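Everything on this sheet refers to the single structure shown next.
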Amino acid sequence: MQEIEVTARSAADPGAVYRLLLDGARWPECSPLGSFELERPGETEREGIGAIRVFTTGTVKSREQVVEAVPGRRFGYVLLSGLPLVGYRADLLLTPDGDGTVISWRSRFRPRYTGTGWLFRLFLGGVIRRLVAGLAATAGAPRT
């Protein structure tokens, strides 16, 4: 099992960070992700539990299903397709920190092909670090 853990602090409160997590269309503006499409809305919220979100970067199209959405506290998704990984799950924990929020992102997966886990951990670790830093900054920045 491969694991990636990334932490960043946002000046935004947990509610603002959570709202950004539920707005996949904004993820490309604060990360290396190329584009967003909502394939299927969630059960009770547009991008809440059950939603299938598709992010396309270059020729890679990853389909993800939201499996946990606790307002202001937690967000989680599983990868349905797009990368040669098995059992990929990402869990984000939002912890109040004074007047801001600590965002803790933890991903776990197994590589589909033996011997490639370190490569995907390295690649995805870089993408996730940039994504978490971007989410933290974007959530805390004033909207114009």
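Letters for chains follow the order of the structure tokens (A, B, ...), residue numbers begin at 1 for each chain, and ligand numbers begin at 1 in the order shown.
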Step one, run DSSP on the backbone; step two, keep only residues of stretch 18-62 of chain A assigned to strand (DSSP E or B); then write them as a tab-separated table (two decimals) with all heavy atoms, in the first residue's frame.
```tsv
chain	number	residue	atom	x	y	z
A	35	SER	N	-9.23	20.50	-16.41
A	35	SER	CA	-10.64	20.88	-16.51
A	35	SER	C	-11.49	19.97	-15.63
A	35	SER	O	-11.04	18.92	-15.18
A	35	SER	CB	-11.12	20.80	-17.97
A	35	SER	OG	-11.11	19.46	-18.41
A	36	PHE	N	-12.71	20.40	-15.42
A	36	PHE	CA	-13.65	19.70	-14.54
A	36	PHE	C	-14.97	19.49	-15.26
A	36	PHE	O	-15.43	20.33	-16.02
A	36	PHE	CB	-13.91	20.52	-13.28
A	36	PHE	CG	-15.11	20.07	-12.51
A	36	PHE	CD1	-15.04	18.97	-11.68
A	36	PHE	CD2	-16.32	20.73	-12.62
A	36	PHE	CE1	-16.16	18.54	-10.98
A	36	PHE	CE2	-17.44	20.31	-11.93
A	36	PHE	CZ	-17.36	19.21	-11.10
A	37	GLU	N	-15.58	18.33	-14.97
A	37	GLU	CA	-16.92	18.03	-15.46
A	37	GLU	C	-17.65	17.25	-14.37
A	37	GLU	O	-17.07	16.34	-13.76
A	37	GLU	CB	-16.82	17.18	-16.72
A	37	GLU	CG	-18.13	16.63	-17.23
A	37	GLU	CD	-17.93	15.57	-18.31
A	37	GLU	OE1	-16.83	15.48	-18.89
A	37	GLU	OE2	-18.89	14.83	-18.56
A	38	LEU	N	-18.88	17.61	-14.11
A	38	LEU	CA	-19.70	16.83	-13.18
A	38	LEU	C	-20.47	15.81	-14.00
A	38	LEU	O	-21.36	16.14	-14.77
A	38	LEU	CB	-20.66	17.74	-12.41
A	38	LEU	CG	-21.52	17.03	-11.37
A	38	LEU	CD1	-20.65	16.41	-10.27
A	38	LEU	CD2	-22.51	18.02	-10.76
A	39	GLU	N	-20.09	14.53	-13.85
A	39	GLU	CA	-20.75	13.46	-14.60
A	39	GLU	C	-22.09	13.10	-13.99
A	39	GLU	O	-23.05	12.81	-14.69
A	39	GLU	CB	-19.83	12.22	-14.62
A	39	GLU	CG	-20.40	11.06	-15.38
A	39	GLU	CD	-19.46	9.88	-15.41
A	39	GLU	OE1	-18.30	10.04	-15.86
A	39	GLU	OE2	-19.87	8.78	-14.96
A	40	ARG	N	-22.13	13.10	-12.66
A	40	ARG	CA	-23.38	12.75	-11.96
A	40	ARG	C	-23.45	13.53	-10.65
A	40	ARG	O	-22.48	13.54	-9.89
A	40	ARG	CB	-23.40	11.25	-11.67
A	40	ARG	CG	-24.69	10.80	-10.99
A	40	ARG	CD	-24.72	9.33	-10.72
A	40	ARG	NE	-23.96	9.06	-9.49
A	40	ARG	CZ	-23.57	7.84	-9.12
A	40	ARG	NH1	-23.79	6.81	-9.89
A	40	ARG	NH2	-22.92	7.67	-8.00
A	52	ILE	N	-20.14	12.01	-9.09
A	52	ILE	CA	-18.99	11.56	-9.88
A	52	ILE	C	-18.42	12.78	-10.58
A	52	ILE	O	-19.12	13.44	-11.36
A	52	ILE	CB	-19.37	10.45	-10.88
A	52	ILE	CG1	-19.85	9.21	-10.11
A	52	ILE	CG2	-18.16	10.10	-11.77
A	52	ILE	CD1	-20.28	8.05	-10.98
A	53	ARG	N	-17.18	13.08	-10.26
A	53	ARG	CA	-16.48	14.24	-10.80
A	53	ARG	C	-15.36	13.76	-11.71
A	53	ARG	O	-14.69	12.79	-11.40
A	53	ARG	CB	-15.94	15.09	-9.65
A	53	ARG	CG	-17.04	15.44	-8.70
A	53	ARG	CD	-16.73	16.27	-7.48
A	53	ARG	NE	-15.38	16.44	-7.03
A	53	ARG	CZ	-14.98	17.45	-6.26
A	53	ARG	NH1	-15.83	18.39	-5.88
A	53	ARG	NH2	-13.74	17.54	-5.86
A	54	VAL	N	-15.19	14.45	-12.83
A	54	VAL	CA	-14.19	14.07	-13.81
A	54	VAL	C	-13.23	15.24	-13.99
A	54	VAL	O	-13.65	16.36	-14.31
A	54	VAL	CB	-14.83	13.70	-15.17
A	54	VAL	CG1	-13.75	13.30	-16.18
A	54	VAL	CG2	-15.85	12.58	-14.99
A	55	PHE	N	-11.94	14.97	-13.78
A	55	PHE	CA	-10.89	15.97	-13.98
A	55	PHE	C	-10.02	15.49	-15.13
A	55	PHE	O	-9.56	14.35	-15.14
A	55	PHE	CB	-10.04	16.14	-12.72
A	55	PHE	CG	-10.80	16.74	-11.57
A	55	PHE	CD1	-11.36	15.93	-10.59
A	55	PHE	CD2	-10.98	18.11	-11.48
A	55	PHE	CE1	-12.07	16.47	-9.53
A	55	PHE	CE2	-11.70	18.66	-10.43
A	55	PHE	CZ	-12.24	17.84	-9.45
A	56	THR	N	-9.80	16.37	-16.12
A	56	THR	CA	-8.99	16.02	-17.28
A	56	THR	C	-7.77	16.93	-17.30
A	56	THR	O	-7.89	18.15	-17.21
A	56	THR	CB	-9.79	16.19	-18.58
A	56	THR	OG1	-10.97	15.39	-18.50
A	56	THR	CG2	-8.97	15.77	-19.79
A	57	THR	N	-6.60	16.31	-17.40
A	57	THR	CA	-5.34	17.03	-17.52
A	57	THR	C	-4.56	16.37	-18.65
A	57	THR	O	-4.20	15.20	-18.55
A	57	THR	CB	-4.54	16.96	-16.20
A	57	THR	OG1	-5.37	17.45	-15.14
A	57	THR	CG2	-3.28	17.79	-16.28
A	60	VAL	N	-5.02	12.56	-19.60
A	60	VAL	CA	-5.49	11.78	-18.44
A	60	VAL	C	-6.84	12.31	-17.98
A	60	VAL	O	-7.00	13.49	-17.69
A	60	VAL	CB	-4.46	11.84	-17.28
A	60	VAL	CG1	-4.99	11.08	-16.07
A	60	VAL	CG2	-3.12	11.29	-17.72
A	61	LYS	N	-7.81	11.40	-17.91
A	61	LYS	CA	-9.15	11.74	-17.44
A	61	LYS	C	-9.44	10.87	-16.22
A	61	LYS	O	-9.60	9.66	-16.34
A	61	LYS	CB	-10.17	11.47	-18.54
A	61	LYS	CG	-11.58	11.83	-18.16
A	61	LYS	CD	-12.56	11.54	-19.27
A	61	LYS	CE	-12.53	12.69	-20.24
A	61	LYS	NZ	-13.70	12.70	-21.15
A	62	SER	N	-9.44	11.49	-15.04
A	62	SER	CA	-9.69	10.71	-13.83
A	62	SER	C	-11.14	10.93	-13.37
A	62	SER	O	-11.59	12.06	-13.25
A	62	SER	CB	-8.70	11.05	-12.72
A	62	SER	OG	-8.81	12.40	-12.35
```
Taking only C-alpha atoms into account, produce a table as a Markdown table in which each residue of stretch 12-69 of chain A with an atom at most 10 Å from an atom of stretch 123-138 of chain A appears once, together with its shortest atom pair and the distance in Å to one decimal, ordered by chain and rising number.
```
| residue | atom | partner | partner_atom | distance |
| --- | --- | --- | --- | --- |
| A:Ala12 | CA | A:Ala136 | CA | 7.6 |
| A:Ala16 | CA | A:Thr138 | CA | 9.8 |
| A:Val17 | CA | A:Ala136 | CA | 7.2 |
| A:Tyr18 | CA | A:Leu135 | CA | 10.0 |
| A:Leu20 | CA | A:Leu135 | CA | 7.4 |
| A:Leu21 | CA | A:Leu135 | CA | 7.9 |
| A:Arg26 | CA | A:Leu135 | CA | 9.1 |
| A:Trp27 | CA | A:Leu135 | CA | 7.4 |
| A:Pro28 | CA | A:Leu131 | CA | 8.8 |
| A:Glu29 | CA | A:Gly134 | CA | 8.3 |
| A:Cys30 | CA | A:Gly134 | CA | 4.5 |
| A:Ser31 | CA | A:Leu131 | CA | 4.6 |
| A:Pro32 | CA | A:Val127 | CA | 6.7 |
| A:Leu33 | CA | A:Leu131 | CA | 8.3 |
```
Output for the residues just chosen: N, CA and C atoms as a PDB file, in the first residue's frame:
```
ATOM      1  N   ALA A  12      -8.525  30.736   5.621  1.00  0.00           N
ATOM      2  CA  ALA A  12      -9.987  30.620   5.609  1.00  0.00           C
ATOM      3  C   ALA A  12     -10.469  29.724   6.737  1.00  0.00           C
ATOM      4  N   ALA A  16     -15.369  27.673   4.687  1.00  0.00           N
ATOM      5  CA  ALA A  16     -14.961  28.201   3.380  1.00  0.00           C
ATOM      6  C   ALA A  16     -14.117  27.174   2.629  1.00  0.00           C
ATOM      7  N   VAL A  17     -13.234  26.486   3.330  1.00  0.00           N
ATOM      8  CA  VAL A  17     -12.410  25.454   2.686  1.00  0.00           C
ATOM      9  C   VAL A  17     -13.308  24.322   2.187  1.00  0.00           C
ATOM     10  N   TYR A  18     -14.253  23.914   3.013  1.00  0.00           N
ATOM     11  CA  TYR A  18     -15.177  22.839   2.636  1.00  0.00           C
ATOM     12  C   TYR A  18     -15.980  23.214   1.385  1.00  0.00           C
ATOM     13  N   LEU A  20     -15.115  25.133  -0.991  1.00  0.00           N
ATOM     14  CA  LEU A  20     -14.214  25.034  -2.143  1.00  0.00           C
ATOM     15  C   LEU A  20     -14.009  23.571  -2.549  1.00  0.00           C
ATOM     16  N   LEU A  21     -13.894  22.685  -1.569  1.00  0.00           N
ATOM     17  CA  LEU A  21     -13.733  21.258  -1.875  1.00  0.00           C
ATOM     18  C   LEU A  21     -14.938  20.733  -2.651  1.00  0.00           C
ATOM     19  N   ARG A  26     -13.769  24.843  -9.537  1.00  0.00           N
ATOM     20  CA  ARG A  26     -12.739  25.793  -9.109  1.00  0.00           C
ATOM     21  C   ARG A  26     -11.381  25.126  -8.896  1.00  0.00           C
ATOM     22  N   TRP A  27     -11.328  23.795  -8.810  1.00  0.00           N
ATOM     23  CA  TRP A  27     -10.053  23.112  -8.571  1.00  0.00           C
ATOM     24  C   TRP A  27      -9.019  23.410  -9.655  1.00  0.00           C
ATOM     25  N   PRO A  28      -9.381  23.446 -10.933  1.00  0.00           N
ATOM     26  CA  PRO A  28      -8.358  23.749 -11.951  1.00  0.00           C
ATOM     27  C   PRO A  28      -7.743  25.143 -11.808  1.00  0.00           C
ATOM     28  N   GLU A  29      -8.463  26.102 -11.219  1.00  0.00           N
ATOM     29  CA  GLU A  29      -7.895  27.444 -11.076  1.00  0.00           C
ATOM     30  C   GLU A  29      -6.843  27.506  -9.974  1.00  0.00           C
ATOM     31  N   CYS A  30      -6.764  26.506  -9.123  1.00  0.00           N
ATOM     32  CA  CYS A  30      -5.784  26.548  -8.033  1.00  0.00           C
ATOM     33  C   CYS A  30      -4.892  25.303  -8.003  1.00  0.00           C
ATOM     34  N   SER A  31      -4.765  24.639  -9.150  1.00  0.00           N
ATOM     35  CA  SER A  31      -3.984  23.405  -9.186  1.00  0.00           C
ATOM     36  C   SER A  31      -3.509  23.105 -10.603  1.00  0.00           C
ATOM     37  N   PRO A  32      -2.726  22.022 -10.762  1.00  0.00           N
ATOM     38  CA  PRO A  32      -2.307  21.623 -12.106  1.00  0.00           C
ATOM     39  C   PRO A  32      -3.397  20.894 -12.896  1.00  0.00           C
ATOM     40  N   LEU A  33      -4.585  20.720 -12.321  1.00  0.00           N
ATOM     41  CA  LEU A  33      -5.665  20.027 -13.025  1.00  0.00           C
ATOM     42  C   LEU A  33      -6.131  20.875 -14.204  1.00  0.00           C
TER      43      LEU A  33
END
```
Using only C-alpha atoms, tabulate the residues of stretch 42-138 of chain A lying at most 6 Å from any atom of stretch 2-8 of chain A, each with its closest atom pair and that distance in Å to one decimal, by chain and increasing residue number, as CSV.
```
residue,atom,partner,partner_atom,distance
A:Val102,CA,A:Ala8,CA,5.8
A:Ile103,CA,A:Ala8,CA,5.3
A:Ser104,CA,A:Thr7,CA,4.5
A:Trp105,CA,A:Val6,CA,5.2
A:Arg106,CA,A:Glu5,CA,4.5
A:Ser107,CA,A:Ile4,CA,5.1
A:Arg108,CA,A:Glu3,CA,4.5
A:Phe109,CA,A:Gln2,CA,5.3
A:Arg110,CA,A:Gln2,CA,5.9
```
What is the atom CA of A:Gly98-atom CA of A:Glu68 distance in Å, reported with one decimal?
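Atom CA of A:Glu68 lies 24.9 Å from atom CA of A:Gly98.
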Can you pull out every residue from chain A that DSSP, working from the backbone, puts in alpha helix (DSSP H), and format the result as a ChimeraX atom specification?
/A:14-21,117-140
Tell me which of A:Leu79, A:Met1, A:Ala141, A:Ala69 sits closest to A:Leu94, counting only C-alpha atoms.
A:Ala69
As an exercise, work out the distance from atom CA of A:Arg73 to atom CA of A:Leu92 in Å and give it to one decimal place.
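According to the coordinates, atom CA of A:Arg73 and atom CA of A:Leu92 are separated by 8.3 Å.
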A:Val78 surroundings by only C-alpha atoms, 6 Å radius, close-in-sequence under 2 positions cut, as an MDAnalysis selection string:
chainID A and resid 64:65 88:89
